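*Asks:* Sharing data06.txt below, compact mmCIF, C-alpha atoms:
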# COMPACT_ATOMS: atom_id res chain seq x y z
CA ARG B 30 -11.55 -10.46 -9.88
CA ALA B 31 -14.96 -11.71 -10.89
CA ARG B 32 -17.25 -9.40 -8.89
CA SER B 33 -17.92 -5.72 -9.46
CA THR B 34 -16.50 -3.01 -7.24
CA LYS B 35 -19.99 -2.22 -5.93
CA VAL B 36 -20.47 -5.79 -4.70
CA LEU B 37 -17.02 -5.89 -3.09
CA VAL B 38 -17.47 -2.52 -1.36
CA GLY B 39 -20.88 -3.67 -0.10
CA SER B 40 -19.34 -6.81 1.39
CA LEU B 41 -16.48 -4.82 2.88
CA TRP B 42 -18.92 -2.29 4.34
CA ILE B 43 -20.35 -5.05 6.57
CA TYR B 44 -17.07 -4.99 8.52
CA ILE B 45 -16.21 -1.30 8.13
CA ARG B 46 -19.48 -0.06 9.64
CA ARG B 47 -18.60 -1.78 12.91
CA TYR B 48 -15.57 0.49 13.25
CA LEU B 49 -16.80 3.81 11.88
CA THR B 50 -15.78 5.77 14.99
CA PRO B 51 -12.09 4.69 15.02
CA LEU B 52 -11.97 5.01 11.22
CA ILE B 53 -13.21 8.62 11.31
CA LEU B 54 -10.91 9.41 14.25
CA SER B 55 -7.89 7.97 12.44
CA THR B 56 -8.74 9.92 9.28
CA LEU B 57 -9.04 13.20 11.22
CA LEU B 58 -5.73 12.61 13.00
CA ILE B 59 -4.01 11.93 9.67
CA LEU B 60 -5.54 15.12 8.23
CA PHE B 61 -4.24 17.18 11.16
CA TYR B 62 -0.82 15.57 10.71
CA SER B 63 -0.88 16.55 7.04
CA LEU B 64 -1.71 20.17 7.93
CA THR B 65 1.23 20.36 10.34
CA ALA B 66 3.45 19.01 7.57
CA LEU B 67 2.45 22.04 5.49
CA VAL B 68 2.92 24.60 8.27
CA ASN B 69 6.45 23.65 9.32
CA PRO B 70 8.11 24.53 5.96
CA ILE B 71 6.55 28.00 6.15
CA ILE B 72 8.10 28.52 9.59
CA VAL B 73 11.50 27.37 8.32
CA LYS B 74 11.15 29.72 5.34
CA ASN B 75 10.54 32.73 7.61
CA GLY B 76 13.45 31.68 9.79
CA LEU B 77 15.84 31.42 6.84
CA ASN B 78 14.74 34.80 5.51
CA ALA B 79 15.20 36.36 8.95
CA LEU B 80 18.63 34.81 9.24
CA ASN B 81 19.51 36.05 5.76
CA ASP B 82 18.57 39.61 6.76
CA LEU B 83 21.03 39.54 9.66
CA SER B 84 24.48 40.94 8.96
CA TYR B 85 27.36 38.91 10.33
CA LYS B 86 28.04 41.65 12.93
CA SER B 87 24.45 41.65 14.12
CA PHE B 88 24.38 37.87 14.17
CA PHE B 89 27.45 37.46 16.37
CA TYR B 90 26.29 40.30 18.60
CA VAL B 91 22.94 38.71 19.41
CA ILE B 92 24.54 35.27 19.78
CA GLY B 93 26.97 36.73 22.29
CA MET B 94 24.16 38.43 24.19
CA PHE B 95 22.20 35.19 24.32
CA PHE B 96 25.02 33.03 25.69
CA THR B 97 26.11 35.75 28.12
CA GLN B 98 22.61 35.98 29.52
CA LEU B 99 22.35 32.20 29.62
CA GLY B 100 25.66 31.75 31.46
CA THR B 101 25.89 34.71 33.85
CA GLY B 102 22.59 36.53 33.72
CA GLU B 103 24.40 39.80 32.89
CA PHE B 104 22.33 40.66 29.85
CA VAL B 105 21.45 44.16 31.09
CA GLN B 106 25.06 45.02 32.00
CA ILE B 107 26.42 43.73 28.69
CA GLN B 108 23.75 45.67 26.81
CA LYS B 109 24.84 48.87 28.60
CA ARG B 110 28.53 48.39 27.79
CA VAL B 111 28.13 47.36 24.12
CA ASP B 112 26.41 49.44 21.48
CA PRO B 113 23.21 47.53 20.65
CA ILE B 114 22.17 46.73 17.13
CA PRO B 115 18.38 47.03 17.23
CA VAL B 116 17.78 45.36 13.88
CA GLY B 117 19.88 42.33 14.79
CA ALA B 118 18.26 41.96 18.19
CA GLN B 119 14.81 42.18 16.63
CA GLN B 120 15.66 39.55 14.03
CA PHE B 121 17.14 37.31 16.70
CA GLN B 122 13.99 37.54 18.80
CA GLN B 123 12.02 36.57 15.70
CA LEU B 124 14.30 33.56 15.18
CA ILE B 125 13.74 32.45 18.77
CA SER B 126 9.96 32.69 18.34
CA LEU B 127 10.07 30.75 15.05
CA THR B 128 12.27 28.06 16.62
CA ILE B 129 9.86 27.59 19.50
CA ALA B 130 6.91 27.45 17.09
CA PHE B 131 8.73 24.91 14.89
CA LEU B 132 9.51 22.64 17.86
CA ALA B 133 5.94 22.91 19.18
CA ILE B 134 4.38 22.02 15.82
CA THR B 135 6.86 19.15 15.40
CA VAL B 136 5.81 17.70 18.76
CA ILE B 137 2.12 18.15 17.90
CA SER B 138 2.73 16.47 14.53
CA TRP B 139 4.43 13.53 16.26
CA VAL B 140 1.48 13.20 18.66
CA PHE B 141 -1.04 13.18 15.79
CA ASN B 142 0.99 10.60 13.86
CA SER B 143 1.44 8.39 16.92
CA LEU B 144 -2.25 8.49 17.84
CA SER B 145 -3.38 7.76 14.27
CA THR B 146 -0.97 4.81 14.07
CA ARG B 147 -2.29 3.38 17.33
CA VAL B 148 -5.95 3.82 16.37
CA THR B 149 -5.43 2.34 12.89
CA ALA B 150 -3.43 -0.63 14.20
CA LYS B 151 -6.08 -1.44 16.82
CA MET B 152 -8.90 -1.11 14.28
CA ASN B 153 -7.12 -3.29 11.71
CA SER B 154 -6.32 -6.00 14.25
CA GLN B 155 -9.93 -6.16 15.45
CA MET B 156 -11.28 -6.19 11.90
CA LEU B 157 -8.80 -8.92 10.94
CA ASN B 158 -9.99 -10.96 13.90
CA ASP B 159 -13.63 -10.58 12.78
CA VAL B 160 -12.95 -11.56 9.16
CA ARG B 161 -10.77 -14.52 10.10
CA GLY B 162 -13.30 -15.67 12.68
CA ASP B 163 -16.11 -15.61 10.10
CA LEU B 164 -13.91 -17.43 7.59
CA TYR B 165 -12.95 -20.11 10.08
CA ARG B 166 -16.58 -20.68 11.11
CA LYS B 167 -17.61 -20.90 7.45
CA LEU B 168 -14.84 -23.39 6.66
CA SER B 169 -15.69 -25.45 9.73
CA TYR B 170 -19.23 -26.00 8.46
CA SER B 171 -18.38 -26.13 4.74
CA ASP B 172 -19.37 -28.99 2.50
CA MET B 173 -16.80 -31.78 2.19
CA ALA B 174 -16.86 -31.38 -1.60
CA TYR B 175 -15.47 -27.84 -1.27
CA LEU B 176 -12.69 -28.95 1.07
CA LYS B 177 -11.76 -31.75 -1.33
CA THR B 178 -11.59 -29.54 -4.42
CA GLU B 179 -9.60 -26.77 -2.71
CA GLN B 180 -5.99 -27.32 -1.73
CA SER B 181 -5.45 -26.93 2.00
CA GLY B 182 -2.67 -24.41 1.41
CA ASN B 183 -4.95 -22.21 -0.68
CA ILE B 184 -7.56 -22.26 2.09
CA THR B 185 -4.87 -21.33 4.61
CA ALA B 186 -3.68 -18.50 2.36
CA ARG B 187 -7.19 -17.06 2.21
CA VAL B 188 -7.47 -17.05 5.98
CA THR B 189 -4.01 -15.52 6.49
CA SER B 190 -2.60 -13.56 3.55
CA ASP B 191 -5.88 -12.47 1.91
CA THR B 192 -7.23 -11.07 5.16
CA THR B 193 -3.91 -9.24 5.68
CA GLU B 194 -4.25 -7.67 2.22
CA LEU B 195 -7.74 -6.58 3.21
CA ALA B 196 -6.41 -4.82 6.31
CA THR B 197 -3.73 -3.15 4.19
CA GLY B 198 -6.44 -1.83 1.88
CA ILE B 199 -8.31 -0.31 4.84
CA HIS B 200 -5.11 1.40 5.98
CA LEU B 201 -4.51 2.80 2.49
CA LEU B 202 -8.09 4.07 2.44
CA THR B 203 -7.41 6.17 5.55
CA MET B 204 -4.23 7.52 3.96
CA LEU B 205 -6.08 8.59 0.82
CA GLY B 206 -7.57 11.71 2.42
CA SER B 207 -4.25 12.90 3.81
CA GLN B 208 -2.53 12.53 0.44
CA ILE B 209 -5.25 14.59 -1.26
CA ILE B 210 -4.96 17.30 1.42
CA LEU B 211 -1.18 17.41 0.93
CA ILE B 212 -1.53 17.73 -2.85
CA ILE B 213 -4.11 20.53 -2.68
CA GLY B 214 -2.36 22.41 0.12
CA ALA B 215 1.13 22.14 -1.36
CA PHE B 216 -0.02 23.22 -4.83
CA THR B 217 -1.97 26.18 -3.40
CA LEU B 218 1.07 27.38 -1.45
CA LEU B 219 3.29 26.90 -4.50
CA MET B 220 1.00 29.04 -6.64
CA LEU B 221 0.90 31.72 -3.94
CA GLN B 222 4.68 31.57 -3.70
CA SER B 223 5.27 31.81 -7.44
CA TRP B 224 2.98 30.74 -10.23
CA ILE B 225 6.01 29.85 -12.36
CA ILE B 226 7.28 27.35 -9.77
CA GLY B 227 3.74 26.02 -9.36
CA LEU B 228 3.48 25.33 -13.08
CA ILE B 229 6.93 23.68 -13.06
CA SER B 230 5.75 21.31 -10.32
CA LEU B 231 2.52 20.72 -12.22
CA ALA B 232 4.50 19.69 -15.31
CA ALA B 233 6.07 16.82 -13.34
CA ILE B 234 2.68 15.14 -12.75
CA PRO B 235 2.42 13.29 -16.12
CA ILE B 236 5.95 11.91 -15.75
CA ALA B 237 5.30 10.79 -12.17
CA PHE B 238 1.99 9.18 -13.11
CA MET B 239 3.49 7.38 -16.09
CA MET B 240 6.41 5.99 -14.09
CA SER B 241 4.33 4.96 -11.09
CA THR B 242 1.67 3.35 -13.31
CA ILE B 243 4.24 1.29 -15.19
CA LEU B 244 6.02 0.24 -12.02
CA SER B 245 2.75 -0.56 -10.25
CA LYS B 246 1.59 -2.68 -13.18
CA PHE B 247 4.73 -4.81 -13.09
CA GLY B 248 4.64 -4.90 -9.30
CA ARG B 249 1.06 -6.12 -9.25
CA ARG B 250 1.84 -8.96 -11.65
CA ILE B 251 4.80 -10.05 -9.55
CA VAL B 252 2.80 -9.85 -6.32
CA LEU B 253 0.03 -12.01 -7.78
CA ARG B 254 2.63 -14.58 -8.87
CA ILE B 255 4.15 -14.53 -5.39
CA ARG B 256 0.74 -15.08 -3.78
CA ARG B 257 -0.07 -17.99 -6.08
CA ALA B 258 3.34 -19.56 -5.52
CA PHE B 259 2.95 -19.08 -1.76
CA GLY B 260 -0.41 -20.85 -1.87
CA SER B 261 1.11 -23.75 -3.82
CA VAL B 262 4.05 -24.05 -1.41
CA SER B 263 1.73 -23.91 1.61
CA GLY B 264 -0.60 -26.49 0.11
CA LYS B 265 2.20 -28.89 -0.81
CA MET B 266 3.79 -28.48 2.61
CA ALA B 267 0.50 -29.09 4.43
CA GLU B 268 -0.24 -32.16 2.33
CA GLY B 269 3.30 -33.45 2.76
CA ILE B 270 3.22 -33.09 6.54
CA SER B 271 -0.26 -34.59 6.91
CA GLY B 272 0.61 -37.50 4.61
CA ILE B 273 4.16 -38.11 5.78
CA ALA B 274 3.28 -41.59 7.04
CA VAL B 275 1.86 -42.59 3.65
CA ALA B 276 4.89 -41.11 1.86
CA LYS B 277 7.25 -43.11 4.04
CA SER B 278 5.23 -46.26 3.47
CA PHE B 279 5.65 -45.95 -0.31
CA ASN B 280 9.20 -44.55 -0.10
CA ARG B 281 8.27 -41.22 -1.80
CA GLU B 282 10.10 -38.82 0.54
CA GLU B 283 12.63 -37.78 -2.09
CA GLU B 284 9.95 -37.16 -4.73
CA LEU B 285 7.87 -34.99 -2.39
CA ALA B 286 10.97 -33.09 -1.30
CA THR B 287 11.87 -32.42 -4.94
CA GLU B 288 8.39 -31.06 -5.72
CA LEU B 289 8.47 -28.83 -2.65
CA ARG B 290 11.97 -27.61 -3.53
CA GLU B 291 10.86 -26.66 -7.06
CA LEU B 292 7.81 -24.77 -5.78
CA ASN B 293 9.88 -23.03 -3.14
CA GLN B 294 12.46 -22.02 -5.75
CA LYS B 295 9.70 -20.54 -7.91
CA HIS B 296 8.44 -18.53 -4.92
CA TYR B 297 12.00 -17.37 -4.24
CA ASN B 298 12.51 -16.24 -7.85
CA TYR B 299 9.29 -14.20 -7.81
CA SER B 300 10.23 -12.66 -4.46
CA LYS B 301 13.65 -11.75 -5.84
CA GLN B 302 12.01 -10.05 -8.83
CA PHE B 303 9.80 -8.06 -6.46
CA GLY B 304 12.84 -7.05 -4.41
CA LYS B 305 14.63 -5.81 -7.53
CA LEU B 306 11.55 -3.82 -8.50
CA MET B 307 11.42 -2.19 -5.05
CA MET B 308 15.12 -1.37 -5.32
CA PHE B 309 14.40 0.35 -8.65
CA ILE B 310 11.28 2.29 -7.62
CA MET B 311 12.65 4.52 -4.86
CA PRO B 312 15.88 5.57 -6.66
CA THR B 313 13.81 6.37 -9.75
CA MET B 314 11.37 8.55 -7.81
CA THR B 315 14.25 10.18 -5.95
CA ALA B 316 15.99 10.99 -9.24
CA LEU B 317 12.77 12.54 -10.55
CA SER B 318 12.41 14.67 -7.42
CA TYR B 319 16.05 15.79 -7.65
CA LEU B 320 15.51 16.78 -11.28
CA LEU B 321 12.50 18.82 -10.19
CA PHE B 322 14.59 20.42 -7.43
CA ILE B 323 17.25 21.49 -9.93
CA VAL B 324 14.67 23.10 -12.22
CA ILE B 325 13.02 24.88 -9.27
CA ILE B 326 16.32 26.19 -7.90
CA TYR B 327 17.31 27.43 -11.36
CA ALA B 328 13.94 29.18 -11.79
CA SER B 329 14.13 30.62 -8.26
CA GLY B 330 17.52 32.11 -9.03
CA GLY B 331 16.10 33.76 -12.12
CA LEU B 332 13.24 35.17 -10.03
CA ASN B 333 15.69 36.47 -7.36
CA LEU B 334 13.86 34.66 -4.57
CA PRO B 335 15.40 34.78 -1.06
CA PRO B 336 16.86 31.54 0.41
CA GLY B 337 13.82 30.91 2.59
CA ASP B 338 11.47 31.10 -0.37
CA ILE B 339 13.69 28.73 -2.36
CA TYR B 340 13.64 26.23 0.52
CA LEU B 341 9.85 26.49 0.74
CA ALA B 342 9.47 25.95 -3.02
CA VAL B 343 11.71 22.85 -2.96
CA ASN B 344 10.00 21.41 0.12
CA LEU B 345 6.48 22.04 -1.17
CA SER B 346 7.34 20.56 -4.56
CA GLN B 347 8.44 17.40 -2.78
CA GLN B 348 5.23 17.31 -0.72
CA PHE B 349 3.31 17.85 -3.95
CA LEU B 350 5.09 15.22 -6.04
CA PHE B 351 5.37 12.28 -3.64
CA PRO B 352 1.66 12.19 -2.67
CA ILE B 353 0.81 12.03 -6.38
CA VAL B 354 3.16 9.08 -6.77
CA MET B 355 1.64 7.49 -3.67
CA LEU B 356 -1.87 7.95 -5.06
CA ALA B 357 -0.86 6.33 -8.33
CA MET B 358 0.49 3.35 -6.39
CA ILE B 359 -2.37 3.20 -3.87
CA PHE B 360 -5.04 2.41 -6.46
CA PRO B 361 -3.34 -0.80 -7.73
CA GLN B 362 -2.86 -1.85 -4.10
CA MET B 363 -6.54 -1.17 -3.46
CA GLU B 364 -7.27 -3.40 -6.47
CA THR B 365 -5.22 -6.13 -4.78
CA ALA B 366 -7.26 -5.65 -1.60
CA PHE B 367 -10.48 -5.93 -3.62
CA GLY B 368 -9.11 -9.09 -5.21
CA ALA B 369 -8.47 -10.50 -1.73
CA MET B 370 -12.03 -9.64 -0.74
CA ASP B 371 -13.25 -11.40 -3.88
CA ARG B 372 -11.45 -14.60 -2.87
CA ILE B 373 -12.82 -14.31 0.67
CA ILE B 374 -16.37 -13.98 -0.69
CA ASP B 375 -15.75 -17.18 -2.68
CA VAL B 376 -15.49 -19.00 0.64
CA PHE B 377 -18.57 -17.31 2.08
CA GLU B 378 -20.67 -18.08 -1.01
CA ALA B 379 -19.47 -21.67 -1.50
CA LYS B 380 -22.57 -23.81 -2.11
CA PRO B 381 -22.83 -27.38 -0.84
CA ALA B 382 -22.72 -30.20 -3.35
CA VAL B 383 -25.87 -31.74 -1.86
CA ALA B 384 -28.57 -29.11 -1.36
CA ASP B 385 -31.59 -29.49 0.91
CA ILE B 386 -34.92 -30.03 -0.77
CA GLU B 387 -37.39 -27.19 -0.85
CA GLY B 388 -39.37 -26.93 2.38
CA ALA B 389 -36.92 -29.03 4.42
CA SER B 390 -36.96 -28.49 8.17
CA ASP B 391 -34.11 -26.53 9.65
CA LEU B 392 -31.66 -28.40 11.84
CA LEU B 393 -31.97 -27.10 15.39
CA GLU B 394 -28.56 -26.73 16.96
CA GLY B 395 -29.93 -26.81 20.51
CA ASP B 396 -31.62 -30.22 20.08
CA ASP B 397 -29.48 -33.23 19.17
CA SER B 398 -32.13 -35.89 19.81
CA ILE B 399 -33.52 -38.21 17.12
CA SER B 400 -37.23 -38.81 16.67
CA PHE B 401 -39.10 -41.03 14.22
CA GLN B 402 -42.39 -39.71 12.88
CA ASN B 403 -44.74 -41.52 10.49
CA VAL B 404 -42.28 -44.41 10.19
CA SER B 405 -43.35 -48.06 10.36
CA PHE B 406 -41.10 -51.09 10.67
CA ALA B 407 -41.99 -54.41 9.06
Take the structure I supplied and represent it as structure tokens, if you would.

*Replies:*
Amino acid sequence: RARSTKVLVGSLWIYIRRYLTPLILSTLLILFYSLTALVNPIIVKNGLNALNDLSYKSFFYVIGMFFTQLGTGEFVQIQKRVDPIPVGAQQFQQLISLTIAFLAITVISWVFNSLSTRVTAKMNSQMLNDVRGDLYRKLSYSDMAYLKTEQSGNITARVTSDTTELATGIHLLTMLGSQIILIIGAFTLLMLQSWIIGLISLAAIPIAFMMSTILSKFGRRIVLRIRRAFGSVSGKMAEGISGIAVAKSFNREEELATELRELNQKHYNYSKQFGKLMMFIMPTMTALSYLLFIVIIYASGGLNLPPGDIYLAVNLSQQFLFPIVMLAMIFPQMETAFGAMDRIIDVFEAKPAVADIEGASDLLEGDDSISFQNVSFA
């Protein structure tokens, strides 16, 4: 991109400031969703530890009491006939409370996620409409020299795909805060759980950053090639359709079809490379997370941690690692969004080939009459 980040952010701010309220609301909803994602593993941890404390006799006793009460309502009579196990009953009541809390927080988390998705989708669609409307109005009144030098497919790509990349960048911007909250919260809980496990998770950061940076670099190159190839295919197709009568007159249908086929094949090859890269990214990150899980489980066994604490350590390490990977991949995608904004600004700042002289009168849109002043005819 040719312009600085400050210039691009300033141009983008013109559209963002119109939707500050939904943007802040979406960010807050995503933050609340991130907090619920940190609370649920703690509830599961307490439930697993409570279940681990139950002996098998206590467990089957309280299960029997529960289903007897549920089916016949004879809980009091059964309790009188069978020797109670106070510890088991107490642990079972704790499990019931934790289960209810887990389900409630899961529902609340789903509500937050659903609302944030709706707000973000509505905001992005309205912002897309504004940007595309401004672009279309600018192109409608652009100088003919600009329309001649630019391929029609490239102009179409700026109105469609570049504006879509811009909306994707806005969505990633709202996700940025939630990823940071997840990283800080997960690492804090890991250190409180066990500083050894926290340091083990911390050691995975350089590896994750290195892998995600390399993959993002290759991915960005492929995406740029795909976008350029898409613009060429769109331009050639638009020119071929608009000039089909001329092509038929000079018997050039086969030549145009061959050119379009070659461009389309190039676009297909780049898309296939991107698909292979995507197929490689997720298994690689999954393998890294599994390797981290193995190390954490081994260390947890050496520390004699209960099963619930081991589950919490594994879950938090995952919530700590994947946001870091996402952050490393978000910044290149934000760079792509800035590049799209740069190309959009090119259209807005396109200067006419014939400029008005200094001090020329403005053309009034409301008056289309013609008047002659200080003109004499021989």

*Asks:* Go through B:Val38, B:Leu67, B:Met355, B:Ala150 one by one, measure the shortest atom-to-atom distance of each to B:Ala342 using only C-alpha atoms, and give the residue with the smallest value.

*Replies:*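 Closest residue, counting only C-alpha atoms: B:Leu67.
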
*Asks:* Give the answer as one residue: which of B:Leu52, B:Arg161, B:Leu332, B:Val376 has the shortest atom-to-atom distance to B:Met204, using all atoms listed in the file?

*Replies:* B:Leu52

*Asks:* At what distance in Å, to one decimal, does atom CA of B:Thr193 lie from atom CA of B:Leu157?

*Replies:*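 Value for the atom CA of B:Leu157-atom CA of B:Thr193 distance: 7.2 Å.
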
*Asks:* Can you tell me how far atom CA of B:Thr365 sits from atom CA of B:Leu201, in Å to one decimal?

*Replies:*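 Calculated distance between atom CA of B:Thr365 and atom CA of B:Leu201 is 11.5 Å.
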
*Asks:* Between B:Gly388, B:Gly227, B:Gly162, B:Gly368, which has the minimum distance to B:Leu321 (counting all atoms listed in the file)?

*Replies:*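 Using all atoms listed in the file, the shortest distance to B:Leu321 belongs to B:Gly227.
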
*Asks:* Could you please determine the separation between atom CA of B:Pro312 and atom CA of B:Ser230 in Å, to one decimal place?

*Replies:*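 Answer for the atom CA of B:Pro312 to atom CA of B:Ser230 separation: 19.1 Å.
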
*Asks:* Considering all atoms listed in the file, can you say which of B:Ser405, B:Thr197, B:Thr135, B:Thr149 comes closest to B:Pro70?

*Replies:*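 Closest to B:Pro70, using all atoms listed in the file: B:Thr135.
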
*Asks:* Restricting the calculation to all atoms listed in the file, which member of B:Ile43, B:Val148, B:Ile353, B:Val160 is positioned closest to B:Ile212?

*Replies:*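 Closest to B:Ile212 of all the choices is B:Ile353.
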
*Asks:* Identify which of the residues B:Phe322, B:Phe367, B:Phe238, B:Phe349 lies closest to B:Leu218, counting all atoms listed in the file when measuring atom-to-atom distances.

*Replies:* B:Phe349

*Asks:* Hey, what's within 9 Å of B:Ala215 if we count all atoms listed in the file and toss same-chain stuff fewer than 5 positions away? As a PyMOL selection string, please?

*Replies:* chain B and resi 67+210+220+345-349

*Asks:* Could those selected residues go to a file with C-alpha atoms, as a CSV table (one decimal), keeping the file's coordinate frame?

*Replies:*
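Output below, filename selection_39.csv:
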chain,number,residue,atom,x,y,z
B,67,LEU,CA,2.4,22.0,5.5
B,210,ILE,CA,-5.0,17.3,1.4
B,220,MET,CA,1.0,29.0,-6.6
B,345,LEU,CA,6.5,22.0,-1.2
B,346,SER,CA,7.3,20.6,-4.6
B,347,GLN,CA,8.4,17.4,-2.8
B,348,GLN,CA,5.2,17.3,-0.7
B,349,PHE,CA,3.3,17.8,-4.0

*Asks:* Fewer than 3 positions away in the same chain doesn't count, so skip those; otherwise give me all residues within 12 Å of B:Leu228, counting only C-alpha atoms, as a ChimeraX atom specification.

*Replies:* /B:216-217,219-225,231-234,321,324-325,328,342,346,349
